[in-house]
Amino acid sequence: MAANRVGRRLGRGSPARSPGSPRAEPARSPGIQKRQARVTVKYDRRELQRRLDTEKWIDGRLEELYRGREAEMPDEVNIDELLELDADEARAAQLQGILKSCHNNTQAFVQELLLKLRGLQKQQVLQRRPSPELQERV
């Protein structure tokens with residue numbers, strides 16, 4: 001008896017159901033659909049794709065520059081560290097320091113990478129943009 005009251009209060013029980021009758025599925029109104037529960041985080045997909053394309057381009061170009069001497073290839077070229085630098089000259093100097101073990105001409109690589117970096121944003125900006133509702137409250 002108490003279980004039926006709890007069920008009705010939560011909208012699960014049917015008032016016409018007797019205790020011995022088989023359990024019936026609750027009727028849903030046609031306008032209400034059960035939504036799937038999932039967590040989503042909004043990212044700027046275009047910016048993420050540009051960053052991924054830049055990283056792939058860097059990997060490909062480094063493989064070309066260090067062909068035959070892969071052991072000398074730098075572990076990574078950190079895009080965010082380069083973006084934190086204010087000027088292209090500082091970025092170029094940082095890249096030349098990273099590529100100092102390369103015996104091939106790296107000038108074209110550095111110039112192309114500097115062009116690609118101009119439109120990218122720092123990673124902190126990419127992680128999560130507040131929703132418009134949150135911006136209005138602040």
# chains A, B, ... in the order shown; residues from 1 in each chain; ligands from 1

call {"tool": "residues_around", "arguments": {"residues": "stretch 54-63 of chain A", "least_positions_apart": "6", "cutoff": "12 Å", "atoms": "only C-alpha atoms", "output": "PDB file with N, CA, C and O atoms, in the first residue's frame"}}
result
ATOM      1  N   GLU A  47      38.522  25.525 -34.814  1.00  0.00           N
ATOM      2  CA  GLU A  47      39.832  25.832 -34.247  1.00  0.00           C
ATOM      3  C   GLU A  47      40.578  24.555 -33.887  1.00  0.00           C
ATOM      4  O   GLU A  47      41.776  24.440 -34.122  1.00  0.00           O
ATOM      5  N   LEU A  48      39.881  23.586 -33.329  1.00  0.00           N
ATOM      6  CA  LEU A  48      40.521  22.313 -33.005  1.00  0.00           C
ATOM      7  C   LEU A  48      41.025  21.614 -34.260  1.00  0.00           C
ATOM      8  O   LEU A  48      42.109  21.025 -34.265  1.00  0.00           O
ATOM      9  N   ARG A  69      67.948  10.618 -40.075  1.00  0.00           N
ATOM     10  CA  ARG A  69      68.501  10.929 -38.753  1.00  0.00           C
ATOM     11  C   ARG A  69      67.358  11.149 -37.753  1.00  0.00           C
ATOM     12  O   ARG A  69      67.317  12.141 -37.031  1.00  0.00           O
ATOM     13  N   GLU A  70      66.438  10.219 -37.709  1.00  0.00           N
ATOM     14  CA  GLU A  70      65.260  10.360 -36.856  1.00  0.00           C
ATOM     15  C   GLU A  70      65.603  10.450 -35.374  1.00  0.00           C
ATOM     16  O   GLU A  70      64.871  11.043 -34.588  1.00  0.00           O
ATOM     17  N   ALA A  71      66.727   9.883 -34.970  1.00  0.00           N
ATOM     18  CA  ALA A  71      67.138   9.934 -33.559  1.00  0.00           C
ATOM     19  C   ALA A  71      67.433  11.363 -33.120  1.00  0.00           C
ATOM     20  O   ALA A  71      67.291  11.694 -31.938  1.00  0.00           O
ATOM     21  N   GLU A  72      67.815  12.224 -34.058  1.00  0.00           N
ATOM     22  CA  GLU A  72      68.128  13.616 -33.729  1.00  0.00           C
ATOM     23  C   GLU A  72      66.888  14.509 -33.730  1.00  0.00           C
ATOM     24  O   GLU A  72      66.950  15.656 -33.295  1.00  0.00           O
ATOM     25  N   MET A  73      65.772  13.982 -34.213  1.00  0.00           N
ATOM     26  CA  MET A  73      64.550  14.775 -34.330  1.00  0.00           C
ATOM     27  C   MET A  73      64.047  15.180 -32.942  1.00  0.00           C
ATOM     28  O   MET A  73      64.075  14.371 -32.012  1.00  0.00           O
ATOM     29  N   PRO A  74      63.594  16.437 -32.780  1.00  0.00           N
ATOM     30  CA  PRO A  74      63.071  16.862 -31.477  1.00  0.00           C
ATOM     31  C   PRO A  74      61.818  16.069 -31.114  1.00  0.00           C
ATOM     32  O   PRO A  74      61.066  15.630 -31.994  1.00  0.00           O
ATOM     33  N   ASP A  75      61.608  15.890 -29.805  1.00  0.00           N
ATOM     34  CA  ASP A  75      60.443  15.137 -29.341  1.00  0.00           C
ATOM     35  C   ASP A  75      59.139  15.813 -29.743  1.00  0.00           C
ATOM     36  O   ASP A  75      58.194  15.160 -30.152  1.00  0.00           O
ATOM     37  N   GLU A  76      59.094  17.128 -29.590  1.00  0.00           N
ATOM     38  CA  GLU A  76      57.882  17.849 -29.956  1.00  0.00           C
ATOM     39  C   GLU A  76      58.186  19.312 -30.230  1.00  0.00           C
ATOM     40  O   GLU A  76      59.190  19.846 -29.771  1.00  0.00           O
ATOM     41  N   VAL A  77      57.283  19.913 -30.964  1.00  0.00           N
ATOM     42  CA  VAL A  77      57.274  21.356 -31.135  1.00  0.00           C
ATOM     43  C   VAL A  77      55.980  21.806 -30.477  1.00  0.00           C
ATOM     44  O   VAL A  77      54.897  21.549 -30.993  1.00  0.00           O
ATOM     45  N   ASN A  78      56.075  22.422 -29.319  1.00  0.00           N
ATOM     46  CA  ASN A  78      54.905  22.785 -28.535  1.00  0.00           C
ATOM     47  C   ASN A  78      54.288  24.066 -29.096  1.00  0.00           C
ATOM     48  O   ASN A  78      54.855  25.156 -28.977  1.00  0.00           O
ATOM     49  N   ILE A  79      53.127  23.918 -29.686  1.00  0.00           N
ATOM     50  CA  ILE A  79      52.442  25.050 -30.310  1.00  0.00           C
ATOM     51  C   ILE A  79      52.082  26.104 -29.279  1.00  0.00           C
ATOM     52  O   ILE A  79      52.218  27.303 -29.523  1.00  0.00           O
ATOM     53  N   ASP A  80      51.614  25.676 -28.108  1.00  0.00           N
ATOM     54  CA  ASP A  80      51.202  26.642 -27.088  1.00  0.00           C
ATOM     55  C   ASP A  80      52.367  27.487 -26.583  1.00  0.00           C
ATOM     56  O   ASP A  80      52.202  28.678 -26.335  1.00  0.00           O
ATOM     57  N   LEU A  95      62.127  28.305 -32.484  1.00  0.00           N
ATOM     58  CA  LEU A  95      62.120  27.184 -33.433  1.00  0.00           C
ATOM     59  C   LEU A  95      63.533  26.833 -33.896  1.00  0.00           C
ATOM     60  O   LEU A  95      63.874  25.657 -34.012  1.00  0.00           O
ATOM     61  N   ILE A  98      65.123  24.784 -31.302  1.00  0.00           N
ATOM     62  CA  ILE A  98      64.603  23.413 -31.295  1.00  0.00           C
ATOM     63  C   ILE A  98      65.204  22.605 -32.437  1.00  0.00           C
ATOM     64  O   ILE A  98      65.526  21.419 -32.290  1.00  0.00           O
ATOM     65  N   LEU A  99      65.403  23.257 -33.586  1.00  0.00           N
ATOM     66  CA  LEU A  99      65.869  22.573 -34.802  1.00  0.00           C
ATOM     67  C   LEU A  99      67.379  22.649 -35.002  1.00  0.00           C
ATOM     68  O   LEU A  99      67.872  22.357 -36.101  1.00  0.00           O
ATOM     69  N   SER A 101      69.746  20.768 -34.254  1.00  0.00           N
ATOM     70  CA  SER A 101      70.419  19.518 -34.637  1.00  0.00           C
ATOM     71  C   SER A 101      70.146  19.123 -36.089  1.00  0.00           C
ATOM     72  O   SER A 101      70.748  18.179 -36.597  1.00  0.00           O
ATOM     73  N   CYS A 102      69.290  19.868 -36.780  1.00  0.00           N
ATOM     74  CA  CYS A 102      68.964  19.549 -38.175  1.00  0.00           C
ATOM     75  C   CYS A 102      70.030  20.138 -39.101  1.00  0.00           C
ATOM     76  O   CYS A 102      70.367  21.316 -39.004  1.00  0.00           O
ATOM     77  N   HIS A 103      70.514  19.297 -40.008  1.00  0.00           N
ATOM     78  CA  HIS A 103      71.549  19.753 -40.938  1.00  0.00           C
ATOM     79  C   HIS A 103      70.951  20.293 -42.245  1.00  0.00           C
ATOM     80  O   HIS A 103      71.670  20.887 -43.038  1.00  0.00           O
ATOM     81  N   ASN A 104      69.661  20.102 -42.447  1.00  0.00           N
ATOM     82  CA  ASN A 104      68.990  20.639 -43.635  1.00  0.00           C
ATOM     83  C   ASN A 104      68.573  22.084 -43.386  1.00  0.00           C
ATOM     84  O   ASN A 104      68.538  22.557 -42.248  1.00  0.00           O
ATOM     85  N   ASN A 105      68.210  22.774 -44.461  1.00  0.00           N
ATOM     86  CA  ASN A 105      67.759  24.152 -44.353  1.00  0.00           C
ATOM     87  C   ASN A 105      66.359  24.164 -43.723  1.00  0.00           C
ATOM     88  O   ASN A 105      65.416  23.608 -44.278  1.00  0.00           O
ATOM     89  N   THR A 106      66.230  24.808 -42.575  1.00  0.00           N
ATOM     90  CA  THR A 106      64.944  24.839 -41.852  1.00  0.00           C
ATOM     91  C   THR A 106      64.212  26.164 -42.012  1.00  0.00           C
ATOM     92  O   THR A 106      63.121  26.326 -41.467  1.00  0.00           O
ATOM     93  N   ALA A 108      62.558  27.581 -44.526  1.00  0.00           N
ATOM     94  CA  ALA A 108      61.233  27.490 -45.147  1.00  0.00           C
ATOM     95  C   ALA A 108      60.218  26.902 -44.163  1.00  0.00           C
ATOM     96  O   ALA A 108      59.077  27.375 -44.067  1.00  0.00           O
ATOM     97  N   PHE A 109      60.640  25.881 -43.412  1.00  0.00           N
ATOM     98  CA  PHE A 109      59.765  25.277 -42.401  1.00  0.00           C
ATOM     99  C   PHE A 109      59.358  26.309 -41.357  1.00  0.00           C
ATOM    100  O   PHE A 109      58.180  26.429 -41.006  1.00  0.00           O
ATOM    101  N   VAL A 110      60.320  27.062 -40.860  1.00  0.00           N
ATOM    102  CA  VAL A 110      60.047  28.059 -39.828  1.00  0.00           C
ATOM    103  C   VAL A 110      59.075  29.112 -40.346  1.00  0.00           C
ATOM    104  O   VAL A 110      58.107  29.479 -39.664  1.00  0.00           O
ATOM    105  N   GLU A 112      56.868  28.920 -42.840  1.00  0.00           N
ATOM    106  CA  GLU A 112      55.532  28.347 -43.043  1.00  0.00           C
ATOM    107  C   GLU A 112      54.821  28.135 -41.715  1.00  0.00           C
ATOM    108  O   GLU A 112      53.626  28.406 -41.596  1.00  0.00           O
ATOM    109  N   LEU A 113      55.550  27.656 -40.710  1.00  0.00           N
ATOM    110  CA  LEU A 113      54.937  27.435 -39.403  1.00  0.00           C
ATOM    111  C   LEU A 113      54.501  28.746 -38.768  1.00  0.00           C
ATOM    112  O   LEU A 113      53.432  28.827 -38.169  1.00  0.00           O
ATOM    113  N   LEU A 114      55.291  29.789 -38.917  1.00  0.00           N
ATOM    114  CA  LEU A 114      54.900  31.092 -38.380  1.00  0.00           C
ATOM    115  C   LEU A 114      53.605  31.582 -39.015  1.00  0.00           C
ATOM    116  O   LEU A 114      52.747  32.155 -38.338  1.00  0.00           O
ATOM    117  N   LEU A 115      53.442  31.337 -40.298  1.00  0.00           N
ATOM    118  CA  LEU A 115      52.184  31.708 -40.967  1.00  0.00           C
ATOM    119  C   LEU A 115      51.012  30.908 -40.420  1.00  0.00           C
ATOM    120  O   LEU A 115      49.926  31.444 -40.205  1.00  0.00           O
ATOM    121  N   LYS A 116      51.214  29.625 -40.195  1.00  0.00           N
ATOM    122  CA  LYS A 116      50.149  28.781 -39.673  1.00  0.00           C
ATOM    123  C   LYS A 116      49.778  29.150 -38.239  1.00  0.00           C
ATOM    124  O   LYS A 116      48.623  29.024 -37.840  1.00  0.00           O
ATOM    125  N   LEU A 117      50.743  29.622 -37.466  1.00  0.00           N
ATOM    126  CA  LEU A 117      50.486  29.974 -36.073  1.00  0.00           C
ATOM    127  C   LEU A 117      49.693  31.270 -35.926  1.00  0.00           C
ATOM    128  O   LEU A 117      49.059  31.487 -34.898  1.00  0.00           O
ATOM    129  N   ARG A 118      49.724  32.116 -36.923  1.00  0.00           N
ATOM    130  CA  ARG A 118      49.079  33.436 -36.808  1.00  0.00           C
ATOM    131  C   ARG A 118      47.587  33.346 -36.488  1.00  0.00           C
ATOM    132  O   ARG A 118      47.069  34.164 -35.767  1.00  0.00           O
ATOM    133  N   GLY A 119      46.888  32.352 -37.008  1.00  0.00           N
ATOM    134  CA  GLY A 119      45.451  32.273 -36.773  1.00  0.00           C
ATOM    135  C   GLY A 119      45.043  31.384 -35.617  1.00  0.00           C
ATOM    136  O   GLY A 119      43.873  31.308 -35.286  1.00  0.00           O
ATOM    137  N   LEU A 120      46.000  30.717 -34.981  1.00  0.00           N
ATOM    138  CA  LEU A 120      45.652  29.795 -33.901  1.00  0.00           C
ATOM    139  C   LEU A 120      45.513  30.515 -32.574  1.00  0.00           C
ATOM    140  O   LEU A 120      46.120  31.546 -32.346  1.00  0.00           O
TER     141      LEU A 120
END

call {"tool": "select_by_dssp", "arguments": {"residues": "stretch 63-103 of chain A", "states": "alpha helix (DSSP H)", "output": "ChimeraX atom specification"}}
result
/A:63-65,79-84,88-98

call {"tool": "write_last_selection", "arguments": {"atoms": "C-alpha atoms", "output": "CSV table (one decimal), in the first residue's frame"}}
result
chain,number,residue,atom,x,y,z
A,63,GLU,CA,60.1,13.7,-40.8
A,64,GLU,CA,61.2,15.2,-44.1
A,65,LEU,CA,63.8,17.4,-42.5
A,79,ILE,CA,52.4,25.0,-30.3
A,80,ASP,CA,51.2,26.6,-27.1
A,81,GLU,CA,54.7,27.7,-26.0
A,82,LEU,CA,55.2,29.3,-29.4
A,83,LEU,CA,51.8,31.1,-29.2
A,84,GLU,CA,52.7,32.6,-25.8
A,88,ASP,CA,57.4,36.2,-34.8
A,89,GLU,CA,61.1,36.9,-34.3
A,90,ALA,CA,60.9,35.3,-30.8
A,91,ARG,CA,59.0,32.4,-32.2
A,92,ALA,CA,61.5,31.9,-35.0
A,93,ALA,CA,64.4,32.0,-32.6
A,94,GLN,CA,62.7,29.4,-30.4
A,95,LEU,CA,62.1,27.2,-33.4
A,96,GLN,CA,65.7,27.6,-34.6
A,97,GLY,CA,66.8,26.5,-31.1
A,98,ILE,CA,64.6,23.4,-31.3
